[in-house]
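Student: Just work.cif, nothing more (mmCIF, N, CA and C atoms):
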data_model
loop_
_atom_site.group_PDB
_atom_site.id
_atom_site.type_symbol
_atom_site.label_atom_id
_atom_site.label_comp_id
_atom_site.auth_asym_id
_atom_site.auth_seq_id
_atom_site.Cartn_x
_atom_site.Cartn_y
_atom_site.Cartn_z
ATOM 1 N N MET H 1 -48.583 9.985 30.263
ATOM 2 C CA MET H 1 -47.435 10.802 29.939
ATOM 3 C C MET H 1 -46.135 9.995 30.006
ATOM 4 N N LEU H 2 -46.045 9.168 31.025
ATOM 5 C CA LEU H 2 -44.819 8.384 31.180
ATOM 6 C C LEU H 2 -44.576 7.514 29.959
ATOM 7 N N TYR H 3 -45.615 6.824 29.499
ATOM 8 C CA TYR H 3 -45.434 5.896 28.380
ATOM 9 C C TYR H 3 -45.086 6.615 27.084
ATOM 10 N N GLU H 4 -45.650 7.786 26.877
ATOM 11 C CA GLU H 4 -45.295 8.565 25.680
ATOM 12 C C GLU H 4 -43.824 8.960 25.719
ATOM 13 N N GLY H 5 -43.372 9.435 26.883
ATOM 14 C CA GLY H 5 -41.969 9.808 27.031
ATOM 15 C C GLY H 5 -41.041 8.628 26.890
ATOM 16 N N LEU H 6 -41.440 7.493 27.463
ATOM 17 C CA LEU H 6 -40.607 6.295 27.339
ATOM 18 C C LEU H 6 -40.556 5.805 25.904
ATOM 19 N N ALA H 7 -41.664 5.888 25.187
ATOM 20 C CA ALA H 7 -41.663 5.473 23.781
ATOM 21 C C ALA H 7 -40.661 6.302 22.991
ATOM 22 N N GLU H 8 -40.628 7.592 23.248
ATOM 23 C CA GLU H 8 -39.653 8.459 22.567
ATOM 24 C C GLU H 8 -38.228 8.082 22.968
ATOM 25 N N ALA H 9 -38.007 7.834 24.261
ATOM 26 C CA ALA H 9 -36.673 7.452 24.738
ATOM 27 C C ALA H 9 -36.224 6.133 24.123
ATOM 28 N N TYR H 10 -37.138 5.172 24.033
ATOM 29 C CA TYR H 10 -36.795 3.880 23.442
ATOM 30 C C TYR H 10 -36.446 4.023 21.959
ATOM 31 N N ALA H 11 -37.180 4.865 21.248
ATOM 32 C CA ALA H 11 -36.880 5.088 19.822
ATOM 33 C C ALA H 11 -35.497 5.710 19.666
ATOM 34 N N LEU H 12 -35.189 6.681 20.505
ATOM 35 C CA LEU H 12 -33.873 7.321 20.448
ATOM 36 C C LEU H 12 -32.772 6.327 20.812
ATOM 37 N N ALA H 13 -33.008 5.534 21.862
ATOM 38 C CA ALA H 13 -32.015 4.544 22.281
ATOM 39 C C ALA H 13 -31.779 3.508 21.192
ATOM 40 N N SER H 14 -32.846 3.081 20.556
ATOM 41 C CA SER H 14 -32.721 2.106 19.480
ATOM 42 C C SER H 14 -31.840 2.655 18.363
ATOM 43 N N SER H 15 -32.055 3.900 18.004
ATOM 44 C CA SER H 15 -31.244 4.535 16.955
ATOM 45 C C SER H 15 -29.792 4.667 17.384
ATOM 46 N N GLU H 16 -29.579 5.080 18.630
ATOM 47 C CA GLU H 16 -28.210 5.246 19.121
ATOM 48 C C GLU H 16 -27.475 3.908 19.168
ATOM 49 N N LEU H 17 -28.140 2.874 19.664
ATOM 50 C CA LEU H 17 -27.507 1.552 19.723
ATOM 51 C C LEU H 17 -27.248 1.000 18.327
ATOM 52 N N ALA H 18 -28.180 1.195 17.414
ATOM 53 C CA ALA H 18 -27.999 0.727 16.037
ATOM 54 C C ALA H 18 -26.817 1.416 15.369
ATOM 55 N N ALA H 19 -26.557 2.661 15.769
ATOM 56 C CA ALA H 19 -25.428 3.413 15.217
ATOM 57 C C ALA H 19 -24.124 3.105 15.946
ATOM 58 N N GLY H 20 -24.198 2.224 16.948
ATOM 59 C CA GLY H 20 -22.988 1.834 17.674
ATOM 60 C C GLY H 20 -22.573 2.816 18.759
ATOM 61 N N ARG H 21 -23.474 3.701 19.147
ATOM 62 C CA ARG H 21 -23.147 4.678 20.190
ATOM 63 C C ARG H 21 -23.602 4.152 21.547
ATOM 64 N N ALA H 22 -22.819 4.481 22.568
ATOM 65 C CA ALA H 22 -23.181 4.112 23.935
ATOM 66 C C ALA H 22 -24.273 5.044 24.438
ATOM 67 N N LEU H 23 -25.019 4.586 25.411
ATOM 68 C CA LEU H 23 -26.105 5.383 25.960
ATOM 69 C C LEU H 23 -25.685 6.125 27.231
ATOM 70 N N ARG H 24 -24.413 6.346 27.415
ATOM 71 C CA ARG H 24 -23.934 6.958 28.659
ATOM 72 C C ARG H 24 -24.486 8.351 28.891
ATOM 73 N N GLU H 25 -24.520 9.136 27.879
ATOM 74 C CA GLU H 25 -25.020 10.499 28.010
ATOM 75 C C GLU H 25 -25.756 10.850 26.734
ATOM 76 N N GLY H 26 -26.593 11.840 26.813
ATOM 77 C CA GLY H 26 -27.203 12.324 25.600
ATOM 78 C C GLY H 26 -28.697 12.184 25.538
ATOM 79 N N THR H 27 -29.176 12.303 24.350
ATOM 80 C CA THR H 27 -30.591 12.457 24.078
ATOM 81 C C THR H 27 -31.453 11.338 24.650
ATOM 82 N N ALA H 28 -31.142 10.092 24.367
ATOM 83 C CA ALA H 28 -31.995 8.979 24.811
ATOM 84 C C ALA H 28 -32.045 8.898 26.328
ATOM 85 N N LEU H 29 -30.911 8.986 26.983
ATOM 86 C CA LEU H 29 -30.868 8.893 28.437
ATOM 87 C C LEU H 29 -31.584 10.087 29.070
ATOM 88 N N ASP H 30 -31.354 11.265 28.542
ATOM 89 C CA ASP H 30 -32.037 12.458 29.060
ATOM 90 C C ASP H 30 -33.543 12.353 28.864
ATOM 91 N N CYS H 31 -33.972 11.842 27.742
ATOM 92 C CA CYS H 31 -35.398 11.667 27.458
ATOM 93 C C CYS H 31 -36.006 10.635 28.409
ATOM 94 N N PHE H 32 -35.294 9.567 28.652
ATOM 95 C CA PHE H 32 -35.723 8.501 29.554
ATOM 96 C C PHE H 32 -35.952 9.046 30.960
ATOM 97 N N VAL H 33 -34.962 9.736 31.492
ATOM 98 C CA VAL H 33 -35.073 10.299 32.837
ATOM 99 C C VAL H 33 -36.127 11.412 32.859
ATOM 100 N N GLY H 34 -36.170 12.210 31.809
ATOM 101 C CA GLY H 34 -37.147 13.287 31.728
ATOM 102 C C GLY H 34 -38.576 12.779 31.752
ATOM 103 N N ALA H 35 -38.823 11.629 31.142
ATOM 104 C CA ALA H 35 -40.168 11.044 31.151
ATOM 105 C C ALA H 35 -40.587 10.700 32.578
ATOM 106 N N TYR H 36 -39.675 10.106 33.340
ATOM 107 C CA TYR H 36 -39.985 9.779 34.731
ATOM 108 C C TYR H 36 -40.159 11.049 35.561
ATOM 109 N N ALA H 37 -39.298 12.028 35.352
ATOM 110 C CA ALA H 37 -39.395 13.282 36.109
ATOM 111 C C ALA H 37 -40.726 13.970 35.823
ATOM 112 N N HIS H 38 -41.082 14.063 34.559
ATOM 113 C CA HIS H 38 -42.329 14.716 34.173
ATOM 114 C C HIS H 38 -43.532 13.983 34.778
ATOM 115 N N ALA H 39 -43.521 12.666 34.732
ATOM 116 C CA ALA H 39 -44.620 11.876 35.278
ATOM 117 C C ALA H 39 -44.748 12.052 36.792
ATOM 118 N N ARG H 40 -43.649 12.355 37.445
ATOM 119 C CA ARG H 40 -43.659 12.556 38.895
ATOM 120 C C ARG H 40 -43.830 14.024 39.279
ATOM 121 N N GLY H 41 -43.987 14.889 38.273
ATOM 122 C CA GLY H 41 -44.226 16.302 38.540
ATOM 123 C C GLY H 41 -43.016 17.036 39.077
ATOM 124 N N THR H 42 -41.844 16.628 38.633
ATOM 125 C CA THR H 42 -40.608 17.266 39.078
ATOM 126 C C THR H 42 -39.706 17.490 37.878
ATOM 127 N N VAL H 43 -38.483 17.901 38.130
ATOM 128 C CA VAL H 43 -37.528 18.141 37.050
ATOM 129 C C VAL H 43 -36.362 17.164 37.164
ATOM 130 N N ASP H 44 -35.724 16.946 36.057
ATOM 131 C CA ASP H 44 -34.530 16.105 36.013
ATOM 132 C C ASP H 44 -33.408 16.845 36.734
ATOM 133 N N SER H 45 -32.758 16.166 37.639
ATOM 134 C CA SER H 45 -31.629 16.734 38.380
ATOM 135 C C SER H 45 -30.740 15.578 38.826
ATOM 136 N N PRO H 46 -29.516 15.863 39.255
ATOM 137 C CA PRO H 46 -28.673 14.766 39.761
ATOM 138 C C PRO H 46 -29.334 14.016 40.923
ATOM 139 N N GLY H 47 -30.005 14.745 41.804
ATOM 140 C CA GLY H 47 -30.691 14.095 42.915
ATOM 141 C C GLY H 47 -31.836 13.216 42.451
ATOM 142 N N PHE H 48 -32.584 13.686 41.461
ATOM 143 C CA PHE H 48 -33.672 12.880 40.920
ATOM 144 C C PHE H 48 -33.113 11.612 40.287
ATOM 145 N N ARG H 49 -32.015 11.746 39.562
ATOM 146 C CA ARG H 49 -31.419 10.571 38.908
ATOM 147 C C ARG H 49 -30.974 9.540 39.948
ATOM 148 N N ARG H 50 -30.372 9.992 41.039
ATOM 149 C CA ARG H 50 -29.983 9.057 42.106
ATOM 150 C C ARG H 50 -31.212 8.379 42.699
ATOM 151 N N GLY H 51 -32.280 9.148 42.912
ATOM 152 C CA GLY H 51 -33.492 8.594 43.487
ATOM 153 C C GLY H 51 -34.258 7.677 42.553
ATOM 154 N N LEU H 52 -34.045 7.824 41.263
ATOM 155 C CA LEU H 52 -34.724 6.987 40.281
ATOM 156 C C LEU H 52 -34.148 5.571 40.242
ATOM 157 N N LEU H 53 -32.903 5.421 40.602
ATOM 158 C CA LEU H 53 -32.251 4.103 40.520
ATOM 159 C C LEU H 53 -32.975 3.015 41.318
ATOM 160 N N PRO H 54 -33.378 3.255 42.571
ATOM 161 C CA PRO H 54 -34.096 2.192 43.294
ATOM 162 C C PRO H 54 -35.434 1.829 42.646
ATOM 163 N N LEU H 55 -36.111 2.807 42.099
ATOM 164 C CA LEU H 55 -37.372 2.534 41.411
ATOM 165 C C LEU H 55 -37.136 1.626 40.205
ATOM 166 N N LEU H 56 -36.123 1.944 39.431
ATOM 167 C CA LEU H 56 -35.818 1.134 38.253
ATOM 168 C C LEU H 56 -35.335 -0.262 38.639
ATOM 169 N N ALA H 57 -34.618 -0.349 39.758
ATOM 170 C CA ALA H 57 -34.084 -1.642 40.196
ATOM 171 C C ALA H 57 -35.208 -2.626 40.528
ATOM 172 N N ARG H 58 -36.359 -2.107 40.956
ATOM 173 C CA ARG H 58 -37.489 -2.986 41.286
ATOM 174 C C ARG H 58 -38.027 -3.710 40.058
ATOM 175 N N SER H 59 -37.794 -3.134 38.873
ATOM 176 C CA SER H 59 -38.315 -3.766 37.660
ATOM 177 C C SER H 59 -37.258 -4.607 36.947
ATOM 178 N N GLU H 60 -36.172 -4.898 37.636
ATOM 179 C CA GLU H 60 -35.096 -5.663 37.004
ATOM 180 C C GLU H 60 -34.710 -6.871 37.827
ATOM 181 N N GLY H 61 -35.619 -7.793 37.984
ATOM 182 C CA GLY H 61 -35.305 -9.031 38.675
ATOM 183 C C GLY H 61 -35.074 -10.140 37.672
ATOM 184 N N PRO H 62 -34.722 -11.308 38.159
ATOM 185 C CA PRO H 62 -34.451 -12.420 37.246
ATOM 186 C C PRO H 62 -35.672 -12.850 36.433
ATOM 187 N N VAL H 63 -36.855 -12.703 36.996
ATOM 188 C CA VAL H 63 -38.058 -13.127 36.278
ATOM 189 C C VAL H 63 -38.311 -12.215 35.077
ATOM 190 N N ILE H 64 -38.237 -10.910 35.294
ATOM 191 C CA ILE H 64 -38.497 -9.977 34.190
ATOM 192 C C ILE H 64 -37.379 -10.046 33.150
ATOM 193 N N THR H 65 -36.164 -10.264 33.592
ATOM 194 C CA THR H 65 -35.052 -10.421 32.647
ATOM 195 C C THR H 65 -35.286 -11.646 31.768
ATOM 196 N N ARG H 66 -35.702 -12.728 32.374
ATOM 197 C CA ARG H 66 -35.999 -13.957 31.619
ATOM 198 C C ARG H 66 -37.165 -13.729 30.657
ATOM 199 N N TYR H 67 -38.187 -13.012 31.112
ATOM 200 C CA TYR H 67 -39.340 -12.701 30.264
ATOM 201 C C TYR H 67 -38.896 -11.994 28.992
ATOM 202 N N TRP H 68 -38.095 -10.945 29.132
ATOM 203 C CA TRP H 68 -37.686 -10.176 27.951
ATOM 204 C C TRP H 68 -36.750 -10.973 27.054
ATOM 205 N N LYS H 69 -35.951 -11.864 27.623
ATOM 206 C CA LYS H 69 -35.123 -12.731 26.782
ATOM 207 C C LYS H 69 -36.009 -13.643 25.944
ATOM 208 N N LEU H 70 -37.030 -14.194 26.553
ATOM 209 C CA LEU H 70 -37.955 -15.058 25.817
ATOM 210 C C LEU H 70 -38.775 -14.254 24.808
ATOM 211 N N ALA H 71 -39.184 -13.054 25.189
ATOM 212 C CA ALA H 71 -39.997 -12.211 24.307
ATOM 213 C C ALA H 71 -39.221 -11.762 23.076
ATOM 214 N N THR H 72 -37.922 -11.704 23.181
ATOM 215 C CA THR H 72 -37.099 -11.276 22.046
ATOM 216 C C THR H 72 -37.385 -12.119 20.812
ATOM 217 N N GLY H 73 -37.668 -13.399 21.004
ATOM 218 C CA GLY H 73 -37.976 -14.287 19.881
ATOM 219 C C GLY H 73 -39.267 -13.949 19.160
ATOM 220 N N LEU H 74 -40.100 -13.132 19.768
ATOM 221 C CA LEU H 74 -41.361 -12.732 19.149
ATOM 222 C C LEU H 74 -41.212 -11.525 18.225
ATOM 223 N N PHE H 75 -40.079 -10.886 18.286
ATOM 224 C CA PHE H 75 -39.836 -9.691 17.484
ATOM 225 C C PHE H 75 -39.058 -10.055 16.226
ATOM 226 N N ALA H 76 -39.262 -9.274 15.203
ATOM 227 C CA ALA H 76 -38.517 -9.477 13.955
ATOM 228 C C ALA H 76 -37.040 -9.160 14.198
ATOM 229 N N PRO H 77 -36.142 -9.820 13.465
ATOM 230 C CA PRO H 77 -34.718 -9.517 13.618
ATOM 231 C C PRO H 77 -34.466 -8.023 13.393
ATOM 232 N N GLY H 78 -33.735 -7.439 14.315
ATOM 233 C CA GLY H 78 -33.412 -6.020 14.211
ATOM 234 C C GLY H 78 -34.479 -5.102 14.789
ATOM 235 N N GLU H 79 -35.647 -5.660 15.096
ATOM 236 C CA GLU H 79 -36.708 -4.847 15.698
ATOM 237 C C GLU H 79 -36.371 -4.615 17.170
ATOM 238 N N PRO H 80 -36.496 -3.378 17.632
ATOM 239 C CA PRO H 80 -36.135 -3.104 19.027
ATOM 240 C C PRO H 80 -37.078 -3.792 20.010
ATOM 241 N N VAL H 81 -36.504 -4.340 21.048
ATOM 242 C CA VAL H 81 -37.258 -4.996 22.112
ATOM 243 C C VAL H 81 -37.314 -4.021 23.284
ATOM 244 N N LEU H 82 -38.513 -3.595 23.642
ATOM 245 C CA LEU H 82 -38.674 -2.539 24.627
ATOM 246 C C LEU H 82 -38.011 -2.856 25.960
ATOM 247 N N GLY H 83 -38.157 -4.066 26.432
ATOM 248 C CA GLY H 83 -37.540 -4.441 27.704
ATOM 249 C C GLY H 83 -36.028 -4.349 27.660
ATOM 250 N N ALA H 84 -35.441 -4.735 26.554
ATOM 251 C CA ALA H 84 -33.984 -4.639 26.405
ATOM 252 C C ALA H 84 -33.550 -3.175 26.366
ATOM 253 N N LEU H 85 -34.315 -2.347 25.674
ATOM 254 C CA LEU H 85 -33.976 -0.919 25.625
ATOM 255 C C LEU H 85 -34.098 -0.296 27.008
ATOM 256 N N HIS H 86 -35.133 -0.663 27.739
ATOM 257 C CA HIS H 86 -35.315 -0.165 29.104
ATOM 258 C C HIS H 86 -34.123 -0.571 29.968
ATOM 259 N N HIS H 87 -33.701 -1.812 29.812
ATOM 260 C CA HIS H 87 -32.552 -2.306 30.572
ATOM 261 C C HIS H 87 -31.287 -1.519 30.211
ATOM 262 N N HIS H 88 -31.038 -1.314 28.934
ATOM 263 C CA HIS H 88 -29.853 -0.558 28.499
ATOM 264 C C HIS H 88 -29.866 0.854 29.085
ATOM 265 N N LEU H 89 -31.021 1.489 29.057
ATOM 266 C CA LEU H 89 -31.126 2.848 29.596
ATOM 267 C C LEU H 89 -30.946 2.862 31.110
ATOM 268 N N SER H 90 -31.484 1.876 31.796
ATOM 269 C CA SER H 90 -31.313 1.783 33.251
ATOM 270 C C SER H 90 -29.848 1.576 33.619
ATOM 271 N N VAL H 91 -29.175 0.717 32.883
ATOM 272 C CA VAL H 91 -27.751 0.462 33.129
ATOM 273 C C VAL H 91 -26.935 1.727 32.852
ATOM 274 N N ALA H 92 -27.273 2.423 31.785
ATOM 275 C CA ALA H 92 -26.560 3.666 31.452
ATOM 276 C C ALA H 92 -26.762 4.716 32.545
ATOM 277 N N LEU H 93 -27.970 4.805 33.065
ATOM 278 C CA LEU H 93 -28.239 5.756 34.144
ATOM 279 C C LEU H 93 -27.450 5.381 35.387
ATOM 280 N N ARG H 94 -27.444 4.118 35.743
ATOM 281 C CA ARG H 94 -26.692 3.668 36.908
ATOM 282 C C ARG H 94 -25.202 4.006 36.754
ATOM 283 N N ALA H 95 -24.650 3.753 35.579
ATOM 284 C CA ALA H 95 -23.230 4.052 35.332
ATOM 285 C C ALA H 95 -22.975 5.553 35.433
ATOM 286 N N GLN H 96 -23.882 6.353 34.906
ATOM 287 C CA GLN H 96 -23.722 7.805 34.955
ATOM 288 C C GLN H 96 -23.768 8.306 36.403
ATOM 289 N N VAL H 97 -24.728 7.820 37.158
ATOM 290 C CA VAL H 97 -24.856 8.249 38.564
ATOM 291 C C VAL H 97 -23.634 7.813 39.366
ATOM 292 N N GLU H 98 -23.197 6.581 39.170
ATOM 293 C CA GLU H 98 -22.031 6.094 39.900
ATOM 294 C C GLU H 98 -20.763 6.843 39.523
ATOM 295 N N ALA H 99 -20.620 7.205 38.271
ATOM 296 C CA ALA H 99 -19.440 7.967 37.829
ATOM 297 C C ALA H 99 -19.444 9.370 38.432
ATOM 298 N N GLY H 100 -20.617 9.954 38.585
ATOM 299 C CA GLY H 100 -20.723 11.285 39.170
ATOM 300 C C GLY H 100 -20.508 11.276 40.667
ATOM 301 N N ALA H 101 -20.708 10.117 41.294
ATOM 302 C CA ALA H 101 -20.563 10.016 42.757
ATOM 303 C C ALA H 101 -19.118 9.910 43.183
ATOM 304 N N ARG H 102 -18.250 9.658 42.248
ATOM 305 C CA ARG H 102 -16.830 9.463 42.609
ATOM 306 C C ARG H 102 -16.091 10.755 42.668
#
Render the structure in this file as structure tokens.
Tutor:
Amino acid sequence: MLYEGLAEAYALASSELAAGRALREGTALDCFVGAYAHARGTVDSPGFRRGLLPLLARSEGPVITRYWKLATGLFAPGEPVLGALHHHLSVALRAQVEAGAR
């Protein structure tokens, strides 16, 4: 279930980024968080979003960042790179949570 939801979120994020829109709020970010919430048997909420940040942070170290930078060369120009989309969505979620905490 998680991967199906993430695939949908990545497709939406790719479209939003290609159109020059930020991922701060909206369909792609909501779909991304919703996929994790559904996979964990809960609902999307501000508390869930705050709790999701540490989980996402575990998958964003220098090694994985380097991997996705190298993997980008394997994709056709303009083809979405899943790791980059995941990173964009994680950063957008972090910014949203931090903005709400102020």
Student: Show me, as JSON, numbers by chain, the residues that have an atom within 6 Å of region 37-51 of chain H when counting all atoms listed in the file, minus same-chain residues fewer than 4 positions from it.
Tutor: {"H": [1, 2, 33, 55]}
Student: Write out as a short mmCIF file (atom, residue, chain, number, x, y, z; two decimals) with N, CA and C atoms, in the frame of the given file each polymer residue whose atoms come within 6 Å of Phe32 (chain H), counting all atoms listed in the file; drop sequence neighbours fewer than 5 positions from it.
Tutor:
data_model
loop_
_atom_site.label_atom_id
_atom_site.label_comp_id
_atom_site.auth_asym_id
_atom_site.auth_seq_id
_atom_site.Cartn_x
_atom_site.Cartn_y
_atom_site.Cartn_z
N GLY H 5 -43.37 9.44 26.88
CA GLY H 5 -41.97 9.81 27.03
C GLY H 5 -41.04 8.63 26.89
N LEU H 6 -41.44 7.49 27.46
CA LEU H 6 -40.61 6.30 27.34
C LEU H 6 -40.56 5.80 25.90
N ALA H 9 -38.01 7.83 24.26
CA ALA H 9 -36.67 7.45 24.74
C ALA H 9 -36.22 6.13 24.12
N THR H 27 -29.18 12.30 24.35
CA THR H 27 -30.59 12.46 24.08
C THR H 27 -31.45 11.34 24.65
#
Student: On this file, the PyMOL selection byres (((chain H and resi 14-20 and name CA) around 9) and name CA) gives some set of residues; write that set as a ChimeraX atom specification.
Tutor: /H:9-13,21-23,28,78-81,85
Student: Give as an MDAnalysis selection string every residue, naming chains and numbers as the document does, that has an atom within 9 Å of (-28.4, 3.1, 29.0), counting only C-alpha atoms.
Tutor: chainID H and resid 13 22:25 28:29 85:96
Student: What is the atom C of Leu56 (chain H) to atom N of Phe75 (chain H) distance in Å?
Tutor: 23.4 Å
Student: Figure out the distance between CA of Pro62 (chain H) and CA of Leu82 (chain H), please, to one decimal in Å.
Tutor: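 Calculated distance between CA of Leu82 (chain H) and CA of Pro62 (chain H) is 16.6 Å.
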Student: How far is it from CA of Tyr36 (chain H) to CA of Arg58 (chain H), in Å with one decimal?
Tutor: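 Rounded to one decimal, the two atoms are 14.6 Å apart.
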Student: Kindly compute an axis-aligned box around the listed atoms of region 79-83 of chain H, allowing 8 Å on each side, and express its centre and edge lengths in Å to one decimal as JSON.
Tutor:
{"center_x": -37.2, "center_y": -4.1, "center_z": 21.4, "size_x": 19.0, "size_y": 19.1, "size_z": 28.6}
Student: Using DSSP on the backbone coordinates, identify all residues within chain H classified as helix (DSSP H, G or I); present the result as a PyMOL selection string.
Tutor: chain H and resi 2-18+27-39+46-57+62-74+82-101
Student: Quick one: of H:Tyr3, H:Glu98, H:Pro77, H:Glu60, who's nearest to Ala35 (chain H), counting only N, CA and C atoms?
Tutor: H:Tyr3
